[in-house]
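Student: query14.txt is the file, holding compact mmCIF, C-alpha atoms:
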# COMPACT_ATOMS: atom_id res chain seq x y z
CA MET A 1 -3.37 25.75 28.03
CA SER A 2 -2.67 27.96 25.02
CA ARG A 3 -0.87 26.21 22.17
CA THR A 4 0.19 27.21 18.67
CA ILE A 5 -0.01 25.18 15.46
CA LYS A 6 3.71 24.45 15.89
CA ASP A 7 3.01 22.97 19.33
CA TYR A 8 0.38 20.64 17.90
CA LEU A 9 2.74 19.57 15.11
CA VAL A 10 5.28 18.64 17.79
CA ILE A 11 2.59 16.65 19.61
CA GLY A 12 1.83 14.90 16.31
CA PHE A 13 5.49 13.92 15.96
CA LYS A 14 5.40 12.56 19.51
CA GLY A 15 2.41 10.48 18.42
CA ILE A 16 4.42 9.18 15.46
CA ALA A 17 7.19 8.12 17.86
CA MET A 18 4.63 6.43 20.13
CA GLY A 19 3.09 4.56 17.20
CA ALA A 20 6.48 3.38 15.98
CA ALA A 21 7.34 2.12 19.46
CA ASP A 22 4.03 0.29 19.86
CA VAL A 23 4.58 -1.67 16.63
CA VAL A 24 7.78 -3.19 18.07
CA PRO A 25 7.25 -6.14 20.46
CA GLY A 26 9.37 -4.96 23.39
CA VAL A 27 9.05 -1.18 23.42
CA SER A 28 6.17 0.71 25.02
CA GLY A 29 4.50 3.74 23.49
CA GLY A 30 3.78 4.74 27.08
CA THR A 31 7.52 5.08 27.64
CA ILE A 32 7.76 7.50 24.69
CA ALA A 33 4.81 9.50 26.06
CA PHE A 34 6.48 9.67 29.47
CA ILE A 35 9.90 10.81 28.29
CA SER A 36 8.37 13.35 25.90
CA GLY A 37 6.49 15.01 28.76
CA ILE A 38 2.88 14.31 27.74
CA TYR A 39 2.06 11.20 29.80
CA GLU A 40 -0.05 12.69 32.60
CA GLU A 41 -1.85 15.04 30.20
CA LEU A 42 -2.63 12.02 28.03
CA LEU A 43 -4.08 10.07 30.97
CA SER A 44 -6.09 13.08 32.11
CA SER A 45 -7.46 13.72 28.61
CA ILE A 46 -8.46 10.09 28.10
CA SER A 47 -10.18 9.93 31.50
CA ASN A 48 -12.26 12.98 30.49
CA ILE A 49 -14.03 10.80 27.92
CA ASN A 50 -17.22 9.85 29.75
CA PHE A 51 -20.99 10.34 29.67
CA SER A 52 -20.68 13.89 31.02
CA LEU A 53 -19.57 14.88 27.51
CA PHE A 54 -23.17 14.42 26.31
CA LYS A 55 -24.38 16.78 29.03
CA THR A 56 -21.73 19.34 28.03
CA LEU A 57 -22.75 19.04 24.37
CA LYS A 58 -26.43 19.52 25.22
CA ASN A 59 -25.96 22.47 27.58
CA ASN A 60 -22.92 24.29 26.17
CA GLY A 61 -22.44 23.11 22.59
CA ALA A 62 -19.73 21.39 20.57
CA LYS A 63 -17.04 23.99 21.31
CA GLU A 64 -17.17 23.39 25.06
CA LEU A 65 -17.30 19.64 24.50
CA TRP A 66 -14.11 19.81 22.41
CA LYS A 67 -12.46 21.93 25.12
CA GLN A 68 -13.45 19.51 27.90
CA LEU A 69 -12.11 16.65 25.79
CA ASN A 70 -8.80 18.45 25.20
CA GLY A 71 -9.64 17.64 21.61
CA ASN A 72 -6.79 19.44 19.84
CA PHE A 73 -4.21 17.57 21.92
CA LEU A 74 -5.83 14.14 21.48
CA ALA A 75 -6.50 14.65 17.76
CA SER A 76 -2.90 15.71 17.06
CA LEU A 77 -1.45 12.85 19.09
CA LEU A 78 -3.74 10.11 17.78
CA MET A 79 -3.29 11.26 14.19
CA GLY A 80 0.45 10.81 14.64
CA VAL A 81 0.01 7.39 16.29
CA PHE A 82 -2.28 5.98 13.58
CA LEU A 83 -0.24 7.49 10.74
CA SER A 84 2.88 5.91 12.21
CA ILE A 85 1.33 2.47 12.76
CA LEU A 86 -0.17 2.31 9.26
CA SER A 87 2.92 3.60 7.46
CA LEU A 88 5.67 1.95 9.53
CA ALA A 89 4.16 -1.51 10.09
CA LYS A 90 5.75 -2.95 6.93
CA VAL A 91 9.08 -1.18 7.46
CA ILE A 92 9.46 -2.30 11.07
CA LYS A 93 8.35 -5.83 10.20
CA TRP A 94 11.09 -5.97 7.54
CA LEU A 95 13.71 -4.53 9.92
CA LEU A 96 12.81 -6.99 12.68
CA GLU A 97 13.13 -9.88 10.22
CA ASN A 98 16.33 -8.73 8.51
CA LYS A 99 18.20 -6.41 10.95
CA PRO A 100 16.96 -7.47 14.39
CA ILE A 101 20.18 -6.79 16.33
CA LEU A 102 20.42 -3.22 15.03
CA VAL A 103 16.72 -2.47 15.70
CA TRP A 104 16.87 -3.87 19.24
CA SER A 105 20.14 -2.03 19.94
CA PHE A 106 18.60 1.35 19.15
CA PHE A 107 15.51 0.65 21.23
CA PHE A 108 17.65 -0.75 24.07
CA GLY A 109 19.40 2.62 24.24
CA LEU A 110 16.05 4.45 24.25
CA VAL A 111 14.61 2.35 27.05
CA LEU A 112 17.83 2.40 29.10
CA ALA A 113 17.84 6.19 29.12
CA SER A 114 14.15 6.32 30.02
CA ILE A 115 14.90 4.42 33.26
CA PHE A 116 17.01 7.32 34.53
CA PHE A 117 14.48 9.86 33.27
CA ILE A 118 11.53 8.32 35.11
CA ALA A 119 13.46 7.34 38.26
CA LYS A 120 14.75 10.86 38.83
CA GLN A 121 11.15 12.11 39.08
CA ILE A 122 10.73 10.13 42.31
CA THR A 123 10.90 12.85 44.95
CA LYS A 124 11.42 10.67 48.03
CA TRP A 125 13.20 7.32 48.23
CA ASN A 126 12.29 4.93 51.04
CA PHE A 127 11.73 1.22 51.65
CA GLN A 128 8.28 1.22 50.02
CA VAL A 129 9.54 2.91 46.87
CA ILE A 130 12.45 0.47 46.53
CA PHE A 131 10.10 -2.47 47.21
CA PHE A 132 7.69 -1.38 44.44
CA LEU A 133 10.62 -0.88 42.06
CA ILE A 134 11.93 -4.42 42.72
CA ILE A 135 8.45 -5.97 42.43
CA GLY A 136 7.86 -4.12 39.16
CA ALA A 137 11.21 -5.28 37.78
CA PHE A 138 10.61 -8.95 38.69
CA PHE A 139 7.06 -8.87 37.32
CA ALA A 140 8.11 -7.38 33.97
CA PHE A 141 11.08 -9.75 33.71
CA TYR A 142 8.77 -12.70 34.35
CA ILE A 143 6.45 -11.56 31.57
CA THR A 144 9.39 -11.46 29.13
CA THR A 145 10.20 -15.12 29.90
CA LEU A 146 6.70 -16.44 29.18
CA ASN A 147 6.19 -18.65 26.14
CA PRO A 148 4.08 -17.00 23.42
CA LEU A 149 0.91 -18.65 22.23
CA VAL A 150 0.80 -19.83 18.64
CA THR A 151 -2.52 -19.05 17.02
CA GLU A 152 -3.89 -17.81 13.74
CA ASN A 153 -7.15 -16.91 15.51
CA SER A 154 -8.61 -13.70 14.13
CA SER A 155 -12.21 -14.00 15.33
CA PHE A 156 -14.00 -10.78 16.27
CA LEU A 157 -14.16 -11.65 20.01
CA PHE A 158 -10.51 -12.72 20.19
CA MET A 159 -9.27 -9.55 18.50
CA PHE A 160 -11.57 -7.43 20.71
CA LEU A 161 -10.11 -8.98 23.89
CA ALA A 162 -6.56 -8.73 22.51
CA GLY A 163 -7.08 -5.02 21.87
CA ALA A 164 -8.46 -4.40 25.36
CA ILE A 165 -5.54 -6.20 27.06
CA ALA A 166 -2.78 -4.85 24.83
CA ILE A 167 -3.85 -1.21 25.11
CA CYS A 168 -3.41 -1.39 28.90
CA ALA A 169 0.21 -2.38 28.31
CA MET A 170 0.70 0.19 25.57
CA ILE A 171 0.04 3.08 27.95
CA LEU A 172 2.19 1.57 30.72
CA PRO A 173 5.81 2.69 30.39
CA GLY A 174 8.02 -0.40 30.21
CA ILE A 175 5.30 -2.90 29.29
CA SER A 176 5.08 -3.39 25.55
CA GLY A 177 1.59 -3.73 24.12
CA ALA A 178 3.03 -5.37 21.01
CA PHE A 179 4.81 -7.95 23.19
CA ILE A 180 1.54 -8.70 25.00
CA LEU A 181 0.06 -9.34 21.56
CA VAL A 182 2.93 -11.76 20.88
CA LEU A 183 2.18 -13.61 24.13
CA LEU A 184 -1.51 -13.80 23.22
CA GLY A 185 -0.70 -15.00 19.71
CA ALA A 186 -2.42 -11.95 18.25
CA TYR A 187 0.63 -10.01 17.00
CA LYS A 188 0.84 -11.64 13.59
CA PRO A 189 -2.93 -11.49 12.86
CA ILE A 190 -3.15 -7.76 13.68
CA LEU A 191 0.05 -6.89 11.78
CA THR A 192 -1.25 -8.82 8.76
CA ALA A 193 -4.61 -7.06 9.06
CA LEU A 194 -2.87 -3.66 9.05
CA ASN A 195 -0.80 -4.55 6.01
CA GLU A 196 -3.80 -6.00 4.14
CA ARG A 197 -6.25 -3.30 5.37
CA ASN A 198 -8.59 -5.94 6.84
CA LEU A 199 -11.19 -3.57 8.28
CA ARG A 200 -13.13 -6.25 10.22
CA ILE A 201 -10.11 -7.26 12.30
CA ILE A 202 -8.90 -3.67 12.67
CA PHE A 203 -12.36 -2.57 13.90
CA ALA A 204 -12.61 -5.43 16.45
CA PHE A 205 -9.14 -4.70 17.80
CA SER A 206 -9.76 -0.94 17.89
CA LEU A 207 -13.09 -1.31 19.71
CA GLY A 208 -11.45 -3.45 22.39
CA ALA A 209 -8.58 -0.97 22.63
CA VAL A 210 -10.92 1.99 23.14
CA ILE A 211 -12.87 0.27 25.93
CA GLY A 212 -9.68 -0.94 27.63
CA LEU A 213 -8.07 2.48 27.33
CA LEU A 214 -11.02 4.38 28.84
CA SER A 215 -11.11 1.99 31.81
CA PHE A 216 -7.40 1.66 32.55
CA SER A 217 -6.50 5.33 32.12
CA ARG A 218 -8.75 6.22 35.07
CA ILE A 219 -6.91 3.77 37.31
CA LEU A 220 -3.54 5.20 36.30
CA LYS A 221 -4.73 8.78 36.77
CA TRP A 222 -5.91 7.92 40.29
CA LEU A 223 -2.57 6.24 41.11
CA PHE A 224 -0.62 9.29 39.94
CA ALA A 225 -2.87 11.59 41.95
CA ASN A 226 -2.64 9.59 45.19
CA TYR A 227 0.54 7.47 45.04
CA LYS A 228 2.81 9.21 42.56
CA ASN A 229 6.17 8.10 44.00
CA LEU A 230 5.11 4.47 44.33
CA THR A 231 3.60 4.50 40.84
CA LEU A 232 6.79 5.97 39.38
CA ALA A 233 8.82 3.33 41.24
CA GLY A 234 6.67 0.53 39.87
CA LEU A 235 6.93 1.92 36.34
CA THR A 236 10.71 2.26 36.67
CA GLY A 237 10.81 -1.38 37.75
CA PHE A 238 8.66 -2.41 34.79
CA ILE A 239 11.11 -0.77 32.41
CA ILE A 240 14.15 -2.35 34.08
CA GLY A 241 12.55 -5.79 33.86
CA SER A 242 11.55 -5.27 30.23
CA LEU A 243 15.19 -4.80 29.16
CA ASN A 244 15.50 -8.59 28.93
CA LYS A 245 12.98 -8.63 26.08
CA ILE A 246 14.79 -6.04 23.98
CA TRP A 247 18.35 -7.29 24.60
CA PRO A 248 19.81 -7.30 21.06
CA TRP A 249 21.57 -10.69 21.14
CA LYS A 250 19.30 -13.71 21.37
CA GLU A 251 19.69 -17.44 20.93
CA THR A 252 16.73 -19.40 19.59
CA THR A 253 16.00 -22.45 21.74
CA SER A 254 12.98 -23.71 19.78
CA TRP A 255 11.33 -23.09 16.43
CA ARG A 256 7.85 -23.30 14.96
CA ILE A 257 6.37 -23.55 11.48
CA ASP A 258 3.93 -20.73 10.73
CA SER A 259 0.79 -20.89 8.57
CA HIS A 260 2.84 -20.23 5.43
CA GLY A 261 5.18 -23.14 6.13
CA VAL A 262 8.05 -20.83 7.09
CA LYS A 263 10.35 -21.74 10.00
CA ALA A 264 10.21 -19.01 12.65
CA PRO A 265 11.75 -18.59 16.15
CA PHE A 266 9.46 -19.65 19.01
CA ASN A 267 11.52 -19.37 22.22
CA GLU A 268 14.58 -17.13 22.58
CA VAL A 269 17.00 -16.41 25.44
CA SER A 270 19.35 -13.46 25.93
CA ILE A 271 23.05 -14.24 25.47
CA SER A 272 26.38 -12.40 25.44
CA PRO A 273 27.28 -10.76 22.11
CA PHE A 274 30.56 -12.69 22.28
CA SER A 275 28.65 -15.98 22.38
CA PHE A 276 26.42 -15.03 19.46
CA GLN A 277 26.61 -17.39 16.49
CA GLY A 278 27.10 -15.32 13.33
CA ASP A 279 27.75 -11.63 12.84
CA SER A 280 26.96 -9.86 16.13
CA HIS A 281 27.32 -6.36 14.59
CA PHE A 282 28.86 -5.51 17.97
CA VAL A 283 30.42 -2.13 17.14
CA LEU A 284 27.44 -0.80 15.19
CA ALA A 285 25.07 -2.14 17.85
CA ILE A 286 26.93 -0.27 20.60
CA VAL A 287 26.85 2.89 18.47
CA LEU A 288 23.08 2.54 18.10
CA VAL A 289 22.64 1.93 21.85
CA VAL A 290 24.58 5.12 22.58
CA PHE A 291 22.63 7.01 19.89
CA GLY A 292 19.31 5.87 21.37
CA PHE A 293 20.46 6.86 24.87
CA LEU A 294 21.63 10.31 23.73
CA PHE A 295 18.44 10.81 21.72
CA ILE A 296 16.38 10.50 24.91
CA LEU A 297 18.70 12.89 26.77
CA PHE A 298 18.29 15.39 23.92
CA MET A 299 14.49 15.06 24.08
CA GLU A 300 14.58 15.58 27.86
CA ARG A 301 16.73 18.73 27.61
CA TRP A 302 14.53 20.05 24.81
CA ALA A 303 11.35 19.43 26.86
CA GLU A 304 12.89 21.28 29.83
CA LYS A 305 13.68 24.30 27.66
CA LYS A 306 10.11 24.32 26.32
CA GLN A 307 8.82 24.50 29.89
Could you render the structure as structure tokens?
Tutor:
Amino acid sequence: MSRTIKDYLVIGFKGIAMGAADVVPGVSGGTIAFISGIYEELLSSISNINFSLFKTLKNNGAKELWKQLNGNFLASLLMGVFLSILSLAKVIKWLLENKPILVWSFFFGLVLASIFFIAKQITKWNFQVIFFLIIGAFFAFYITTLNPLVTENSSFLFMFLAGAIAICAMILPGISGAFILVLLGAYKPILTALNERNLRIIFAFSLGAVIGLLSFSRILKWLFANYKNLTLAGLTGFIIGSLNKIWPWKETTSWRIDSHGVKAPFNEVSISPFSFQGDSHFVLAIVLVVFGFLFILFMERWAEKKQ
């Protein structure tokens, strides 16, 4: 595949969008990869990372190794992801704490549009496809109703396991890796580590993420190669079920006191904007939902023209 510098810059911007999504507990970077048209190439490139690379390096040199790895693509994308996570962590944390309804409204629009985008790629609808879609939706919805763990645990092993589990969710459209971190009680420790540049925690999490990614990407690649329609149906269901998590209007049913003595929400349930206590920002929220929805449609049309 012949690409120009401009193409790789675009891939870098897609990585930035993926990184921004993965910081938010409720939005999947995998969804962004899917709707931006790079998902299957990403899975294929990741699954190429194996011991055969050493043989390629020995027999054919570094240039062939880089080609087998699809190195330009991965480097451009990952640079965008890491740049986004490191630079946007503080901004998104502030927005989630101070403007949660507006943030969730925009992402709700993004995810809502992605449902139609992924579902329309299913080439044949039958009972099995509908069954997998329903199962995926119920499973994802159930995950969004689970109570998060409360822990300040930042041991090497815990962060390693958290990285391995969360990365599997991060590359699944509809399942938010950041939300999995919330459920595990690891979201706050890793966000704090990023903000404070705690290299020990970042390394443990990253190592777990790399191992989890290399393992899980092969499974997904095999599913797309052999059961594409059913896989797409399951992913569509995941995204539908995940909408509960990113519904903008929530009511807190229980609170907790964090390690700094600050009162923070523990359990939340989705409610009608008309039942929301306080300023629901209803009009602006709807505008942001529509903007997020149209943004995805624009990206889809743009990707089609590029092809």
Student: Given the choices A:Phe156, A:Trp104, A:Phe54, A:Trp222, which gets closest to Phe205 of chain A if the distance is worked out from all atoms listed in the file?
Tutor: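 Result for the nearest residue to Phe205 of chain A: A:Phe156.
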Student: Have a look at A:Gly80, A:Lys93, A:Phe295, A:Phe139 and name the one nearest to Lys188 of chain A; count only C-alpha atoms.
Tutor: A:Lys93
Student: May I ask which of the residues A:Ala162, A:Ile246, A:Leu78, A:Val24 is the closest one to Leu96 of chain A, counting all atoms listed in the file?
Tutor: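 The answer is A:Val24, which sits nearest to Leu96 of chain A.
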Student: Can you pull out every residue within 9 Å of Ile49 of chain A, counting only C-alpha atoms, but drop anything in the same chain fewer than 4 positions away, and send it as a PyMOL selection string?
Tutor: chain A and resi 45+53+68-69+214
Student: From the options A:Phe274, A:Phe34, A:Phe282, A:Trp247, which residue's atoms come nearest to Ile115 of chain A, counting only C-alpha atoms?
Tutor: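 Smallest separation from Ile115 of chain A among the options: A:Phe34.
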Student: Which residue is closest to Val91 of chain A? Choose from A:Gln277, A:Asn195, A:Ser272, A:Ser206 and count all atoms listed in the file.
Tutor: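 Once distances to Val91 of chain A are computed over all atoms listed in the file, the minimum belongs to A:Asn195.
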Student: Using all atoms listed in the file for the distances, tell me which of A:Ile134, A:Met159, A:Leu172, A:Leu83 is nearest to Tyr39 of chain A.
Tutor: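 Of the candidates, the smallest distance to Tyr39 of chain A is held by A:Leu172.
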Student: For a cutoff of 10 Å around the file-coordinate point (3.5, 3.3, 19.3), which residues qualify once you count all atoms listed in the file? I'd like the result as a PyMOL selection string.
Tutor: chain A and resi 14-24+27-33+80-82+84-85+170-171+176-178
Student: So for segment 217-222 of chain A, what box centre and size do we get, axis-aligned, 5 Å extra on each of the six sides, every listed atom, Å to one decimal, as JSON?
Tutor:
{"center_x": -6.1, "center_y": 6.3, "center_z": 36.2, "size_x": 15.2, "size_y": 15.0, "size_z": 18.2}
Student: Would you list the residues near (8.1, 8.7, 33.6), meaning any protein, DNA or RNA residue with an atom at most 12 Å from that point in file coordinates, counting all atoms listed in the file, as a PDB file with C-alpha atoms, in the coordinates of the input?
Tutor:
ATOM      1  CA  SER A  28       6.170   0.710  25.020  1.00  0.00           C
ATOM      2  CA  GLY A  29       4.500   3.740  23.490  1.00  0.00           C
ATOM      3  CA  GLY A  30       3.780   4.740  27.080  1.00  0.00           C
ATOM      4  CA  THR A  31       7.520   5.080  27.640  1.00  0.00           C
ATOM      5  CA  ILE A  32       7.760   7.500  24.690  1.00  0.00           C
ATOM      6  CA  ALA A  33       4.810   9.500  26.060  1.00  0.00           C
ATOM      7  CA  PHE A  34       6.480   9.670  29.470  1.00  0.00           C
ATOM      8  CA  ILE A  35       9.900  10.810  28.290  1.00  0.00           C
ATOM      9  CA  SER A  36       8.370  13.350  25.900  1.00  0.00           C
ATOM     10  CA  GLY A  37       6.490  15.010  28.760  1.00  0.00           C
ATOM     11  CA  ILE A  38       2.880  14.310  27.740  1.00  0.00           C
ATOM     12  CA  TYR A  39       2.060  11.200  29.800  1.00  0.00           C
ATOM     13  CA  GLU A  40      -0.050  12.690  32.600  1.00  0.00           C
ATOM     14  CA  VAL A 111      14.610   2.350  27.050  1.00  0.00           C
ATOM     15  CA  ALA A 113      17.840   6.190  29.120  1.00  0.00           C
ATOM     16  CA  SER A 114      14.150   6.320  30.020  1.00  0.00           C
ATOM     17  CA  ILE A 115      14.900   4.420  33.260  1.00  0.00           C
ATOM     18  CA  PHE A 116      17.010   7.320  34.530  1.00  0.00           C
ATOM     19  CA  PHE A 117      14.480   9.860  33.270  1.00  0.00           C
ATOM     20  CA  ILE A 118      11.530   8.320  35.110  1.00  0.00           C
ATOM     21  CA  ALA A 119      13.460   7.340  38.260  1.00  0.00           C
ATOM     22  CA  LYS A 120      14.750  10.860  38.830  1.00  0.00           C
ATOM     23  CA  GLN A 121      11.150  12.110  39.080  1.00  0.00           C
ATOM     24  CA  ILE A 122      10.730  10.130  42.310  1.00  0.00           C
ATOM     25  CA  ILE A 171       0.040   3.080  27.950  1.00  0.00           C
ATOM     26  CA  LEU A 172       2.190   1.570  30.720  1.00  0.00           C
ATOM     27  CA  PRO A 173       5.810   2.690  30.390  1.00  0.00           C
ATOM     28  CA  GLY A 174       8.020  -0.400  30.210  1.00  0.00           C
ATOM     29  CA  PHE A 224      -0.620   9.290  39.940  1.00  0.00           C
ATOM     30  CA  LYS A 228       2.810   9.210  42.560  1.00  0.00           C
ATOM     31  CA  ASN A 229       6.170   8.100  44.000  1.00  0.00           C
ATOM     32  CA  LEU A 230       5.110   4.470  44.330  1.00  0.00           C
ATOM     33  CA  THR A 231       3.600   4.500  40.840  1.00  0.00           C
ATOM     34  CA  LEU A 232       6.790   5.970  39.380  1.00  0.00           C
ATOM     35  CA  ALA A 233       8.820   3.330  41.240  1.00  0.00           C
ATOM     36  CA  GLY A 234       6.670   0.530  39.870  1.00  0.00           C
ATOM     37  CA  LEU A 235       6.930   1.920  36.340  1.00  0.00           C
ATOM     38  CA  THR A 236      10.710   2.260  36.670  1.00  0.00           C
ATOM     39  CA  GLY A 237      10.810  -1.380  37.750  1.00  0.00           C
ATOM     40  CA  PHE A 238       8.660  -2.410  34.790  1.00  0.00           C
ATOM     41  CA  ILE A 239      11.110  -0.770  32.410  1.00  0.00           C
ATOM     42  CA  GLU A 300      14.580  15.580  27.860  1.00  0.00           C
TER      43      GLU A 300
END
Student: Just how far from atom CA of Phe138 of chain A is atom CA of Tyr227 of chain A, in Å to one decimal?
Tutor: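 Value for the atom CA of Tyr227 of chain A-atom CA of Phe138 of chain A distance: 20.3 Å.
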Student: Save segment 281-290 of chain A of the structure in the block above to a file, with all heavy atoms included, as a PDB file, in the first residue's frame.
Tutor:
ATOM      1  N   HIS A 281     -28.788  21.704  30.751  1.00  0.00           N
ATOM      2  CA  HIS A 281     -28.147  22.143  29.502  1.00  0.00           C
ATOM      3  C   HIS A 281     -28.790  21.465  28.289  1.00  0.00           C
ATOM      4  O   HIS A 281     -28.098  21.091  27.339  1.00  0.00           O
ATOM      5  CB  HIS A 281     -26.645  21.827  29.517  1.00  0.00           C
ATOM      6  CG  HIS A 281     -25.899  22.464  30.646  1.00  0.00           C
ATOM      7  ND1 HIS A 281     -25.630  23.817  30.698  1.00  0.00           N
ATOM      8  CD2 HIS A 281     -25.370  21.925  31.781  1.00  0.00           C
ATOM      9  CE1 HIS A 281     -24.949  24.089  31.813  1.00  0.00           C
ATOM     10  NE2 HIS A 281     -24.787  22.958  32.483  1.00  0.00           N
ATOM     11  N   PHE A 282     -30.119  21.293  28.346  1.00  0.00           N
ATOM     12  CA  PHE A 282     -30.811  20.444  27.374  1.00  0.00           C
ATOM     13  C   PHE A 282     -30.556  20.869  25.925  1.00  0.00           C
ATOM     14  O   PHE A 282     -30.190  20.047  25.090  1.00  0.00           O
ATOM     15  CB  PHE A 282     -32.308  20.439  27.677  1.00  0.00           C
ATOM     16  CG  PHE A 282     -33.092  19.534  26.762  1.00  0.00           C
ATOM     17  CD1 PHE A 282     -33.022  18.157  26.893  1.00  0.00           C
ATOM     18  CD2 PHE A 282     -33.883  20.067  25.754  1.00  0.00           C
ATOM     19  CE1 PHE A 282     -33.733  17.319  26.050  1.00  0.00           C
ATOM     20  CE2 PHE A 282     -34.599  19.235  24.902  1.00  0.00           C
ATOM     21  CZ  PHE A 282     -34.523  17.862  25.051  1.00  0.00           C
ATOM     22  N   VAL A 283     -30.749  22.151  25.629  1.00  0.00           N
ATOM     23  CA  VAL A 283     -30.626  22.617  24.251  1.00  0.00           C
ATOM     24  C   VAL A 283     -29.202  22.436  23.734  1.00  0.00           C
ATOM     25  O   VAL A 283     -28.976  21.881  22.651  1.00  0.00           O
ATOM     26  CB  VAL A 283     -31.060  24.094  24.117  1.00  0.00           C
ATOM     27  CG1 VAL A 283     -30.809  24.597  22.693  1.00  0.00           C
ATOM     28  CG2 VAL A 283     -32.535  24.255  24.472  1.00  0.00           C
ATOM     29  N   LEU A 284     -28.221  22.885  24.528  1.00  0.00           N
ATOM     30  CA  LEU A 284     -26.829  22.757  24.109  1.00  0.00           C
ATOM     31  C   LEU A 284     -26.421  21.293  24.003  1.00  0.00           C
ATOM     32  O   LEU A 284     -25.661  20.905  23.102  1.00  0.00           O
ATOM     33  CB  LEU A 284     -25.912  23.493  25.101  1.00  0.00           C
ATOM     34  CG  LEU A 284     -24.425  23.538  24.757  1.00  0.00           C
ATOM     35  CD1 LEU A 284     -24.197  24.105  23.356  1.00  0.00           C
ATOM     36  CD2 LEU A 284     -23.659  24.367  25.796  1.00  0.00           C
ATOM     37  N   ALA A 285     -26.960  20.461  24.897  1.00  0.00           N
ATOM     38  CA  ALA A 285     -26.646  19.031  24.865  1.00  0.00           C
ATOM     39  C   ALA A 285     -27.159  18.404  23.573  1.00  0.00           C
ATOM     40  O   ALA A 285     -26.450  17.616  22.925  1.00  0.00           O
ATOM     41  CB  ALA A 285     -27.259  18.332  26.070  1.00  0.00           C
ATOM     42  N   ILE A 286     -28.379  18.746  23.178  1.00  0.00           N
ATOM     43  CA  ILE A 286     -28.940  18.208  21.932  1.00  0.00           C
ATOM     44  C   ILE A 286     -28.115  18.674  20.737  1.00  0.00           C
ATOM     45  O   ILE A 286     -27.851  17.905  19.801  1.00  0.00           O
ATOM     46  CB  ILE A 286     -30.416  18.635  21.777  1.00  0.00           C
ATOM     47  CG1 ILE A 286     -31.271  18.021  22.886  1.00  0.00           C
ATOM     48  CG2 ILE A 286     -30.943  18.227  20.407  1.00  0.00           C
ATOM     49  CD1 ILE A 286     -31.248  16.499  22.929  1.00  0.00           C
ATOM     50  N   VAL A 287     -27.688  19.936  20.764  1.00  0.00           N
ATOM     51  CA  VAL A 287     -26.844  20.468  19.689  1.00  0.00           C
ATOM     52  C   VAL A 287     -25.553  19.657  19.576  1.00  0.00           C
ATOM     53  O   VAL A 287     -25.107  19.306  18.479  1.00  0.00           O
ATOM     54  CB  VAL A 287     -26.518  21.959  19.928  1.00  0.00           C
ATOM     55  CG1 VAL A 287     -25.439  22.450  18.958  1.00  0.00           C
ATOM     56  CG2 VAL A 287     -27.773  22.805  19.773  1.00  0.00           C
ATOM     57  N   LEU A 288     -24.954  19.333  20.727  1.00  0.00           N
ATOM     58  CA  LEU A 288     -23.705  18.573  20.723  1.00  0.00           C
ATOM     59  C   LEU A 288     -23.921  17.124  20.277  1.00  0.00           C
ATOM     60  O   LEU A 288     -23.058  16.532  19.616  1.00  0.00           O
ATOM     61  CB  LEU A 288     -23.064  18.610  22.116  1.00  0.00           C
ATOM     62  CG  LEU A 288     -22.434  19.960  22.488  1.00  0.00           C
ATOM     63  CD1 LEU A 288     -22.066  19.994  23.964  1.00  0.00           C
ATOM     64  CD2 LEU A 288     -21.206  20.231  21.631  1.00  0.00           C
ATOM     65  N   VAL A 289     -25.070  16.538  20.629  1.00  0.00           N
ATOM     66  CA  VAL A 289     -25.395  15.191  20.144  1.00  0.00           C
ATOM     67  C   VAL A 289     -25.476  15.198  18.616  1.00  0.00           C
ATOM     68  O   VAL A 289     -24.893  14.335  17.934  1.00  0.00           O
ATOM     69  CB  VAL A 289     -26.727  14.685  20.742  1.00  0.00           C
ATOM     70  CG1 VAL A 289     -27.180  13.400  20.035  1.00  0.00           C
ATOM     71  CG2 VAL A 289     -26.582  14.419  22.236  1.00  0.00           C
ATOM     72  N   VAL A 290     -26.196  16.180  18.082  1.00  0.00           N
ATOM     73  CA  VAL A 290     -26.349  16.292  16.628  1.00  0.00           C
ATOM     74  C   VAL A 290     -24.996  16.546  15.967  1.00  0.00           C
ATOM     75  O   VAL A 290     -24.676  15.954  14.931  1.00  0.00           O
ATOM     76  CB  VAL A 290     -27.346  17.425  16.267  1.00  0.00           C
ATOM     77  CG1 VAL A 290     -27.361  17.666  14.764  1.00  0.00           C
ATOM     78  CG2 VAL A 290     -28.736  17.077  16.775  1.00  0.00           C
TER      79      VAL A 290
END
